[in-house]
file work-v3.cif (mmCIF, C-alpha atoms and all ligand atoms)
data_target
#
loop_
_atom_site.label_atom_id
_atom_site.label_comp_id
_atom_site.auth_asym_id
_atom_site.auth_seq_id
_atom_site.Cartn_x
_atom_site.Cartn_y
_atom_site.Cartn_z
CA MET A 1 8.68 8.52 19.64
CA PRO A 2 11.79 7.82 17.58
CA GLY A 3 12.96 4.24 17.87
CA GLU A 4 9.96 3.09 19.84
CA PHE A 5 7.66 2.16 16.95
CA GLY A 6 4.67 3.43 18.94
CA LEU A 7 1.56 1.48 17.94
CA ALA A 8 -1.20 3.42 16.26
CA GLU A 9 -4.42 3.66 18.26
CA PRO A 10 -7.30 1.60 16.88
CA ASP A 11 -10.23 3.71 15.80
CA ASP A 12 -13.58 2.22 15.02
CA VAL A 13 -12.58 -1.37 14.33
CA PRO A 14 -14.38 -2.69 11.25
CA GLY A 15 -15.82 -6.17 10.99
CA ASP A 16 -14.97 -8.60 8.23
CA GLU A 17 -17.55 -7.37 5.74
CA TRP A 18 -16.43 -5.89 2.44
CA GLU A 19 -17.46 -2.75 0.70
CA GLU A 20 -18.94 -2.62 -2.78
CA LEU A 21 -16.44 -1.17 -5.24
CA ASP A 22 -17.92 1.37 -7.61
CA VAL A 23 -16.37 0.90 -11.02
CA SER A 24 -18.80 2.92 -13.07
CA ASP A 25 -17.65 5.64 -15.44
CA THR A 26 -16.00 8.48 -13.60
CA ASP A 27 -15.67 12.15 -14.37
CA ALA A 28 -12.16 11.37 -15.60
CA ASP A 29 -13.55 9.06 -18.24
CA ARG A 30 -15.94 11.78 -19.28
CA ILE A 31 -13.16 14.40 -19.35
CA ALA A 32 -11.03 12.05 -21.41
CA ARG A 33 -13.80 11.72 -23.92
CA ARG A 34 -14.67 15.36 -24.00
CA GLN A 35 -11.09 16.60 -24.16
CA ASP A 36 -11.91 20.24 -23.77
CA ARG A 37 -9.44 22.92 -24.70
CA GLU A 38 -8.29 23.44 -21.14
CA PHE A 39 -7.57 19.76 -20.78
CA ASP A 40 -5.69 19.80 -24.06
CA GLU A 41 -3.37 22.45 -22.65
CA PHE A 42 -2.97 20.59 -19.39
CA ARG A 43 -2.17 17.42 -21.29
CA LYS A 44 0.60 19.15 -23.24
CA ARG A 45 1.99 20.64 -20.07
CA VAL A 46 1.98 17.34 -18.20
CA LYS A 47 3.38 15.39 -21.11
CA ASP A 48 6.23 17.86 -21.32
CA ALA A 49 6.92 17.72 -17.62
CA ASP A 50 10.11 15.79 -17.05
CA GLN A 51 8.77 14.26 -13.90
CA LEU A 52 6.11 12.35 -15.73
CA LYS A 53 8.41 11.00 -18.39
CA VAL A 54 9.14 7.88 -16.48
CA GLU A 55 11.28 5.50 -18.39
CA GLY A 56 9.27 3.49 -20.85
CA SER A 57 5.97 4.98 -19.93
CA VAL A 58 3.80 7.75 -21.08
CA PHE A 59 0.47 7.82 -19.38
CA ASP A 60 -2.59 7.20 -21.46
CA GLU A 61 -5.15 9.93 -22.03
CA ALA A 62 -7.58 8.78 -19.39
CA THR A 63 -4.81 8.60 -16.76
CA LEU A 64 -3.85 12.18 -17.61
CA ALA A 65 -7.53 13.05 -17.34
CA ALA A 66 -7.68 11.48 -13.90
CA ILE A 67 -4.68 13.55 -12.77
CA TYR A 68 -6.32 16.61 -14.31
CA LYS A 69 -9.50 15.91 -12.37
CA LEU A 70 -7.48 15.73 -9.13
CA VAL A 71 -5.86 19.07 -10.02
CA GLN A 72 -9.26 20.60 -10.83
CA ASP A 73 -10.72 19.31 -7.59
CA GLY A 74 -7.92 21.05 -5.69
CA TYR A 75 -6.16 17.92 -4.43
CA ILE A 76 -2.94 18.50 -6.35
CA ASN A 77 -1.16 21.79 -7.03
CA ALA A 78 2.02 20.53 -8.67
CA PHE A 79 3.67 17.29 -9.59
CA GLY A 80 7.00 16.28 -8.08
CA GLY A 81 9.48 13.60 -9.02
CA PRO A 82 9.02 9.84 -9.07
CA ILE A 83 9.48 7.94 -5.81
CA SER A 84 9.22 4.49 -7.27
CA THR A 85 8.71 2.82 -10.62
CA GLY A 86 7.29 -0.62 -10.12
CA LYS A 87 5.84 -3.26 -12.38
CA GLU A 88 2.25 -2.43 -11.56
CA ALA A 89 2.36 1.15 -10.39
CA HIS A 90 4.38 4.35 -10.35
CA VAL A 91 4.51 6.42 -7.20
CA PHE A 92 5.17 10.18 -7.42
CA GLU A 93 5.41 13.02 -4.99
CA ALA A 94 3.05 15.91 -5.50
CA LEU A 95 2.28 19.15 -3.82
CA ALA A 96 -1.17 19.52 -2.30
CA PRO A 97 -2.47 22.84 -0.95
CA GLU A 98 -0.75 22.49 2.42
CA LYS A 99 1.37 19.40 2.27
CA GLU A 100 3.16 16.90 0.11
CA VAL A 101 1.26 13.84 -0.99
CA ALA A 102 2.01 10.52 -2.65
CA VAL A 103 0.32 9.71 -5.96
CA LYS A 104 0.20 6.04 -6.87
CA ILE A 105 -0.67 5.50 -10.51
CA TYR A 106 -1.54 1.98 -11.56
CA ARG A 107 -0.59 1.12 -15.09
CA ILE A 108 -3.37 -0.22 -17.19
CA ASN A 109 -1.68 -1.65 -20.25
CA ALA A 110 1.63 -2.74 -18.80
CA THR A 111 0.10 -4.51 -15.87
CA ASP A 112 0.92 -8.17 -15.61
CA PHE A 113 -2.48 -9.68 -15.27
CA SER A 114 -1.35 -13.16 -14.37
CA GLN A 115 0.21 -11.85 -11.15
CA MET A 116 -3.09 -10.29 -10.14
CA ARG A 117 -5.17 -13.32 -10.92
CA GLU A 118 -4.48 -15.31 -7.76
CA TYR A 119 -5.80 -12.36 -5.74
CA LEU A 120 -8.79 -11.57 -7.95
CA GLU A 121 -10.33 -14.98 -8.37
CA GLY A 122 -12.52 -15.65 -5.39
CA ASP A 123 -12.73 -12.03 -4.22
CA PRO A 124 -16.45 -11.20 -4.17
CA ARG A 125 -15.58 -7.55 -4.88
CA PHE A 126 -14.43 -8.58 -8.36
CA ASP A 127 -17.37 -10.78 -9.24
CA GLY A 128 -18.77 -9.88 -12.62
CA ILE A 129 -15.90 -7.61 -13.66
CA GLY A 130 -14.59 -10.24 -16.04
CA SER A 131 -11.22 -9.92 -17.68
CA ASP A 132 -11.42 -6.37 -19.02
CA LYS A 133 -8.00 -5.02 -18.06
CA LYS A 134 -9.14 -1.48 -17.51
CA ALA A 135 -12.08 -2.46 -15.32
CA VAL A 136 -9.86 -4.71 -13.23
CA VAL A 137 -7.18 -2.06 -12.69
CA LEU A 138 -9.79 0.55 -11.76
CA ALA A 139 -11.37 -1.81 -9.26
CA TRP A 140 -7.91 -2.74 -7.95
CA THR A 141 -7.14 0.94 -7.30
CA ARG A 142 -10.42 1.41 -5.43
CA LYS A 143 -9.71 -1.77 -3.55
CA GLU A 144 -6.37 -0.41 -2.34
CA PHE A 145 -8.13 2.78 -1.24
CA ALA A 146 -10.79 0.77 0.63
CA ASN A 147 -8.18 -1.54 2.18
CA LEU A 148 -6.04 1.37 3.36
CA SER A 149 -9.04 3.08 4.91
CA ARG A 150 -10.16 -0.09 6.62
CA ALA A 151 -6.66 -0.85 7.91
CA ARG A 152 -6.38 2.63 9.36
CA LYS A 153 -9.70 2.28 11.14
CA ALA A 154 -8.46 -0.98 12.61
CA GLY A 155 -5.47 0.76 14.20
CA VAL A 156 -2.83 -0.15 11.62
CA ARG A 157 -0.45 2.66 10.75
CA VAL A 158 -0.89 3.12 6.99
CA PRO A 159 -0.72 6.25 4.81
CA GLU A 160 -3.94 8.22 5.12
CA THR A 161 -6.07 8.04 1.98
CA ILE A 162 -7.01 11.32 0.34
CA ALA A 163 -8.74 10.61 -2.97
CA VAL A 164 -9.06 8.04 -5.70
CA GLU A 165 -9.75 8.83 -9.33
CA ARG A 166 -9.78 6.05 -11.84
CA ASN A 167 -6.33 4.35 -11.63
CA VAL A 168 -4.82 7.14 -9.53
CA LEU A 169 -4.68 6.93 -5.74
CA LEU A 170 -3.76 9.93 -3.65
CA MET A 171 -2.49 9.39 -0.13
CA GLU A 172 -0.43 10.92 2.63
CA LEU A 173 3.26 11.03 1.80
CA VAL A 174 5.18 9.33 4.57
CA GLY A 175 8.31 11.41 5.09
CA GLN A 176 9.07 14.41 2.91
CA ALA A 177 10.18 14.78 -0.65
CA ASP A 178 13.73 15.50 0.50
CA GLU A 179 13.66 12.90 3.23
CA ARG A 180 11.93 9.87 1.83
CA ALA A 181 10.68 7.15 4.17
CA ARG A 182 12.83 4.01 3.84
CA ARG A 183 11.76 0.44 3.38
CA LEU A 184 12.54 -1.77 6.35
CA ALA A 185 14.78 -3.70 3.96
CA GLU A 186 16.97 -0.61 3.46
CA VAL A 187 17.65 0.41 7.04
CA THR A 188 19.49 -0.81 10.06
CA VAL A 189 16.79 -2.05 12.38
CA GLU A 190 17.93 -0.79 15.73
CA ASN A 191 15.41 -2.58 17.87
CA PRO A 192 14.29 -5.63 15.88
CA GLN A 193 12.28 -7.11 18.74
CA THR A 194 10.09 -4.03 19.15
CA ALA A 195 9.78 -3.67 15.38
CA TYR A 196 8.75 -7.31 15.10
CA GLU A 197 6.12 -6.92 17.81
CA VAL A 198 4.66 -3.91 16.03
CA VAL A 199 4.50 -5.73 12.69
CA ARG A 200 2.97 -8.74 14.45
CA GLU A 201 0.33 -6.56 16.09
CA TYR A 202 -0.51 -4.74 12.84
CA THR A 203 -0.85 -8.09 11.05
CA ARG A 204 -3.18 -9.26 13.82
CA ARG A 205 -5.25 -6.08 13.68
CA LEU A 206 -5.55 -6.39 9.91
CA TYR A 207 -6.70 -9.97 10.30
CA ALA A 208 -9.19 -9.02 13.00
CA ALA A 209 -10.56 -6.42 10.56
CA GLY A 210 -11.02 -9.18 7.98
CA LEU A 211 -7.96 -8.43 5.83
CA ILE A 212 -4.82 -10.28 4.85
CA HIS A 213 -2.07 -8.15 3.32
CA GLY A 214 -0.97 -10.74 0.78
CA ASP A 215 2.42 -9.19 -0.01
CA LEU A 216 3.78 -8.44 3.42
CA SER A 217 7.54 -8.24 3.70
CA GLU A 218 10.35 -5.83 4.56
CA TYR A 219 9.69 -4.21 1.15
CA ASN A 220 6.16 -3.13 2.01
CA LEU A 221 6.93 -1.81 5.47
CA ILE A 222 8.35 1.68 5.55
CA ILE A 223 9.82 3.57 8.43
CA HIS A 224 9.87 7.26 9.14
CA GLU A 225 10.94 9.00 12.34
CA GLY A 226 10.82 5.75 14.26
CA GLU A 227 7.28 4.88 13.13
CA LEU A 228 6.51 1.82 11.05
CA TYR A 229 3.93 2.05 8.25
CA VAL A 230 2.35 -0.80 6.35
CA ILE A 231 1.97 0.10 2.66
CA ASP A 232 0.91 -1.43 -0.65
CA LEU A 233 -2.49 -2.89 0.20
CA GLY A 234 -3.75 -3.22 -3.37
CA GLN A 235 -3.61 -6.98 -3.34
CA ALA A 236 -4.90 -7.42 0.21
CA VAL A 237 -7.84 -9.83 0.34
CA THR A 238 -10.57 -10.49 2.85
CA VAL A 239 -10.36 -13.53 5.08
CA HIS A 240 -13.12 -15.08 2.94
CA HIS A 241 -10.82 -15.38 -0.06
CA PRO A 242 -10.12 -19.00 -1.03
CA ASN A 243 -6.37 -18.36 -0.87
CA ALA A 244 -6.57 -16.34 2.34
CA ARG A 245 -4.80 -18.93 4.44
CA SER A 246 -1.91 -19.42 2.05
CA PHE A 247 -1.45 -15.63 1.71
CA LEU A 248 -1.42 -15.33 5.50
CA GLU A 249 1.11 -18.12 5.81
CA ARG A 250 3.34 -16.55 3.18
CA ASP A 251 3.10 -13.13 4.87
CA CYS A 252 4.02 -14.64 8.24
CA ARG A 253 6.91 -16.61 6.76
CA ASN A 254 8.28 -13.44 5.12
CA VAL A 255 8.04 -11.48 8.35
CA ALA A 256 9.55 -14.23 10.50
CA SER A 257 12.35 -14.77 8.02
CA PHE A 258 13.25 -11.08 7.90
CA PHE A 259 13.32 -10.72 11.68
CA SER A 260 15.21 -14.00 12.08
CA ARG A 261 17.89 -12.44 9.93
CA GLN A 262 17.87 -9.54 12.40
CA GLY A 263 18.85 -11.96 15.16
CA LEU A 264 15.46 -12.94 16.63
CA SER A 265 14.58 -16.54 17.20
CA LEU A 266 11.16 -16.98 15.59
CA ASP A 267 8.84 -19.65 14.33
CA PRO A 268 6.42 -18.55 11.58
CA ASP A 269 3.76 -20.92 12.97
CA ASP A 270 3.77 -19.03 16.28
CA LEU A 271 3.27 -15.82 14.34
CA ILE A 272 0.31 -17.28 12.40
CA GLU A 273 -1.20 -18.45 15.65
CA TYR A 274 -0.75 -15.05 17.25
CA VAL A 275 -2.27 -13.26 14.27
CA THR A 276 -5.34 -15.50 14.09
CA ASP A 277 -5.89 -15.56 17.87
CA ALA A 278 -8.58 -13.07 18.84
CA ASP A 279 -7.09 -12.54 22.29
CA PRO A 280 -3.38 -13.31 22.16
CA ASP A 281 -0.82 -13.17 24.94
CA PRO A 282 1.58 -10.45 23.80
CA SER A 283 4.61 -12.18 25.29
CA SER A 284 3.75 -15.52 23.64
CA ASP A 285 6.27 -16.26 20.93
CA LEU A 286 9.24 -14.36 22.24
CA SER A 287 9.16 -15.53 25.85
CA ASP A 288 11.07 -18.76 25.23
CA SER A 289 13.57 -17.12 22.95
CA PRO A 290 17.12 -16.61 24.06
CA PRO A 291 18.13 -12.96 24.26
CA ALA A 292 18.46 -11.67 20.74
CA ASP A 293 21.90 -11.35 19.25
CA PRO A 294 22.85 -7.90 18.07
CA PRO A 295 21.10 -7.37 14.74
CA ASP A 296 22.96 -7.67 11.50
CA ARG A 297 23.72 -4.37 9.91
CA THR A 298 21.53 -4.32 6.85
CA ARG A 299 22.63 -1.15 5.17
N1 LIG B 301 2.47 6.92 0.95
C1 LIG B 301 3.76 6.79 0.69
N2 LIG B 301 4.68 7.59 1.27
C2 LIG B 301 5.99 7.45 1.00
N3 LIG B 301 6.51 6.55 0.15
C3 LIG B 301 5.65 5.72 -0.46
C4 LIG B 301 4.24 5.79 -0.23
N4 LIG B 301 3.63 4.84 -0.99
C5 LIG B 301 4.61 4.21 -1.65
N5 LIG B 301 5.84 4.72 -1.36
C6 LIG B 301 7.13 4.30 -1.92
O1 LIG B 301 6.90 3.75 -3.20
C7 LIG B 301 7.29 2.38 -3.23
C8 LIG B 301 6.30 1.58 -4.07
O2 LIG B 301 5.02 1.66 -3.49
P1 LIG B 301 4.10 0.38 -3.38
O3 LIG B 301 4.81 -0.71 -2.68
O4 LIG B 301 2.80 0.82 -2.85
O5 LIG B 301 3.89 0.03 -4.92
P2 LIG B 301 4.20 -1.30 -5.74
O6 LIG B 301 3.17 -1.41 -6.77
O7 LIG B 301 4.40 -2.46 -4.84
O8 LIG B 301 5.53 -0.99 -6.42
P3 LIG B 301 6.75 -1.99 -6.46
O9 LIG B 301 6.40 -2.97 -7.56
O10 LIG B 301 7.91 -1.09 -6.72
O11 LIG B 301 6.82 -2.65 -5.08
C9 LIG B 301 7.36 1.96 -1.77
O12 LIG B 301 8.30 0.94 -1.57
C10 LIG B 301 7.77 3.24 -1.07
O13 LIG B 301 9.17 3.40 -1.15
MG MG B 302 5.42 -2.66 -2.94
#
call {"tool": "encode", "arguments": {"input": "work-v3.cif", "output": "C-alpha cells", "more": "lines below"}}
Ligand SMILES: Nc1ncnc2c1ncn2[C@@H]1O[C@H](COP(=O)(O)OP(=O)(O)OP(=O)(O)O)[C@@H](O)[C@H]1O
Ligand SMILES: [Mg+2]
result
Amino acid sequence: MPGEFGLAEPDDVPGDEWEELDVSDTDADRIARRQDREFDEFRKRVKDADQLKVEGSVFDEATLAAIYKLVQDGYINAFGGPISTGKEAHVFEALAPEKEVAVKIYRINATDFSQMREYLEGDPRFDGIGSDKKAVVLAWTRKEFANLSRARKAGVRVPETIAVERNVLLMELVGQADERARRLAEVTVENPQTAYEVVREYTRRLYAAGLIHGDLSEYNLIIHEGELYVIDLGQAVTVHHPNARSFLERDCRNVASFFSRQGLSLDPDDLIEYVTDADPDPSSDLSDSPPADPPDRTR
C-alpha cells in the first residue's frame, strides 16, 4: 500500500545457524578454461556491448564466463544498463525471460580487501579460505546470496534471490529499468515514523534470524511504491561474529541518526534494545517522544 510501508510477512523463520558456503570450482571456471568457440563469440559480443564498458573496468574472463553461464542456463536474455558502479560491485539491469532482474557483479581485482577484513575475520564461513582474493570474493558473493535468502525467510523485505554464479549474483530488480527504486537518502520521507518502525522491525527480524546487516543506513534501504527494501547484505555477519555487537551498534546509530534528521526524537540505545529484545513492545521507544516535527525535505 503506497506510503504505508507494509511489513513483509515472516515465512519460516530461520535460527541462528549458518550455512556452509560452497566455493569449489564452478561451471563458469570450467567454461573460462575451456573457452569454446561459442563462448569466444559471446565474449566478443559482451565486450563490445556499451553497457558493460563501465568506466575503468572490463570484466575478467571468468566473470564473462559466469555471465555466459547465466545466459546459457536461461536466467538472462539480455543485458541492460548499469544501475550503480560501486567500489566493490557493479549492479546492472538485465532482461530475464519474463521480467527485469538486477545483476550484482563483485569485482575481484579492484576490491579493497582491507575493507572486507573486519567482516571476514571471525566469520566461521570464511575459515580456511585464507587470503586468496578470488576465493574470498566468490565466498562473499555466495554469502550475500545466503544472507538475502535467510533475511527473506525471516520476514525482511529484500530482493528475491534468483541465482549465483561465481562473483555474479542475480536477484529481483526492485522497481523497473525506467523507474528505478530510490535510496531512502534520495527521497522525501513522507511518513518518517512509520518508515522508522519498519526499519526497526526488519533490523529486529534480521537479528532474531541470527544476522546483523553491518552496513545499514539510508544508502542501503531502497523504496519502491511505498515499500521499503533492505539491500546490500554481502557484509552481513552472524551474531556469533566477534564484531557483531559493534556492527549492530553502528547500524542502529546510523538508522537513529537518519530518522532524527527526519524530525523524530530517537535514542540509538533504545533501538539496540528493541532489536535485541526477543519480545519487544512495539510502542517502546516512540511513546515518550513529542509529536514529530514535519520532516525535512531531503530531495
Ligand atoms: N535488487 C535491486 N533492485 C534495484 N536496485 C538495486 C538492487 N540492488 C542494488 N540496487 C541499486 O544498486 C546500488 C548498489 O547496490 P549495493 O548497495 O547492493 O552495492 P554496493 O556494493 O554497496 O555498491 P555501493 O558501493 O555503490 O554502495 C543500490 O544503492 C541500489 O540503488
Ligand atoms: Mg550499498
call {"tool": "closest_residue", "arguments": {"input": "work-v3.cif", "among": "A:Asn167, A:Asn109, A:Gln176, A:Ser265", "to": "ligand LIG 301 (chain B)", "atoms": "only C-alpha atoms and all ligand atoms"}}
result
A:Gln176
call {"tool": "atom_distance", "arguments": {"input": "work-v3.cif", "atom1": "atom CA of A:Val136", "atom2": "atom N2 of ligand LIG 301 (chain B)"}}
result
23.9 Å
call {"tool": "closest_residue", "arguments": {"input": "work-v3.cif", "among": "A:Glu218, A:Asp267, A:Asp251, A:Glu273", "to": "ligand LIG 301 (chain B)", "atoms": "only C-alpha atoms and all ligand atoms"}}
result
A:Glu218
call {"tool": "residues_around", "arguments": {"input": "work-v3.cif", "residues": "A:Asp60", "least_positions_apart": "6", "cutoff": "10 Å", "atoms": "all atoms listed in the file", "output": "PyMOL selection string"}}
result
chain A and resi 32+107-109
call {"tool": "atom_distance", "arguments": {"input": "work-v3.cif", "atom1": "atom CA of A:Glu41", "atom2": "atom CA of A:Asn77"}}
result
15.8 Å
call {"tool": "residues_around", "arguments": {"input": "work-v3.cif", "residues": "stretch 276-279 of chain A", "least_positions_apart": "4", "cutoff": "7 Å", "atoms": "only C-alpha atoms", "output": "mmCIF file with C-alpha atoms, in the frame of the given file"}}
result
data_model
loop_
_atom_site.group_PDB
_atom_site.id
_atom_site.type_symbol
_atom_site.label_atom_id
_atom_site.label_comp_id
_atom_site.auth_asym_id
_atom_site.auth_seq_id
_atom_site.Cartn_x
_atom_site.Cartn_y
_atom_site.Cartn_z
ATOM 1 C CA ARG A 204 -3.180 -9.260 13.820
ATOM 2 C CA TYR A 207 -6.700 -9.970 10.300
ATOM 3 C CA ILE A 272 0.310 -17.280 12.400
#
call {"tool": "closest_residue", "arguments": {"input": "work-v3.cif", "among": "A:Leu173, A:Leu264, A:Ala163, A:Cys252", "to": "A:Asn191", "atoms": "only C-alpha atoms"}}
result
A:Leu264
call {"tool": "build_atoms", "arguments": {"input": "work-v3.cif", "residues": "stretch 78-100 of chain A", "atoms": "N, CA and C atoms", "output": "short mmCIF file (atom, residue, chain, number, x, y, z; two decimals), in the coordinates of the input"}}
result
data_model
loop_
_atom_site.label_atom_id
_atom_site.label_comp_id
_atom_site.auth_asym_id
_atom_site.auth_seq_id
_atom_site.Cartn_x
_atom_site.Cartn_y
_atom_site.Cartn_z
N ALA A 78 0.89 20.72 -7.75
CA ALA A 78 2.02 20.53 -8.67
C ALA A 78 2.56 19.12 -8.52
N PHE A 79 3.10 18.62 -9.61
CA PHE A 79 3.67 17.29 -9.59
C PHE A 79 5.14 17.33 -9.22
N GLY A 80 5.58 16.38 -8.42
CA GLY A 80 7.00 16.28 -8.08
C GLY A 80 7.61 15.11 -8.81
N GLY A 81 8.74 14.67 -8.34
CA GLY A 81 9.48 13.60 -9.02
C GLY A 81 8.96 12.22 -8.64
N PRO A 82 9.42 11.21 -9.38
CA PRO A 82 9.02 9.84 -9.07
C PRO A 82 9.67 9.33 -7.79
N ILE A 83 8.93 8.58 -7.00
CA ILE A 83 9.48 7.94 -5.81
C ILE A 83 9.84 6.50 -6.16
N SER A 84 9.00 5.90 -6.98
CA SER A 84 9.22 4.49 -7.27
C SER A 84 8.56 4.13 -8.60
N THR A 85 9.25 3.29 -9.36
CA THR A 85 8.71 2.82 -10.62
C THR A 85 8.62 1.32 -10.54
N GLY A 86 7.44 0.83 -10.28
CA GLY A 86 7.29 -0.62 -10.12
C GLY A 86 6.65 -1.24 -11.34
N LYS A 87 6.42 -2.54 -11.25
CA LYS A 87 5.84 -3.26 -12.38
C LYS A 87 4.38 -2.87 -12.56
N GLU A 88 3.69 -2.69 -11.46
CA GLU A 88 2.25 -2.43 -11.56
C GLU A 88 1.88 -0.97 -11.37
N ALA A 89 2.74 -0.23 -10.69
CA ALA A 89 2.36 1.15 -10.39
C ALA A 89 3.60 2.04 -10.32
N HIS A 90 3.36 3.33 -10.59
CA HIS A 90 4.38 4.35 -10.35
C HIS A 90 3.92 5.15 -9.15
N VAL A 91 4.87 5.55 -8.32
CA VAL A 91 4.51 6.42 -7.20
C VAL A 91 5.28 7.73 -7.37
N PHE A 92 4.56 8.84 -7.29
CA PHE A 92 5.17 10.18 -7.42
C PHE A 92 4.91 11.00 -6.17
N GLU A 93 5.73 12.00 -5.99
CA GLU A 93 5.41 13.02 -4.99
C GLU A 93 4.62 14.11 -5.69
N ALA A 94 3.76 14.76 -4.94
CA ALA A 94 3.05 15.91 -5.50
C ALA A 94 2.79 16.89 -4.38
N LEU A 95 2.54 18.11 -4.79
CA LEU A 95 2.28 19.15 -3.82
C LEU A 95 0.77 19.37 -3.73
N ALA A 96 0.24 19.24 -2.53
CA ALA A 96 -1.17 19.52 -2.30
C ALA A 96 -1.21 20.90 -1.66
N PRO A 97 -2.41 21.48 -1.49
CA PRO A 97 -2.47 22.84 -0.95
C PRO A 97 -1.58 23.08 0.28
N GLU A 98 -1.57 22.17 1.24
CA GLU A 98 -0.75 22.49 2.42
C GLU A 98 0.31 21.47 2.75
N LYS A 99 0.41 20.45 1.93
CA LYS A 99 1.37 19.40 2.27
C LYS A 99 1.83 18.68 1.02
N GLU A 100 2.77 17.76 1.22
CA GLU A 100 3.16 16.90 0.11
C GLU A 100 2.36 15.61 0.19
#
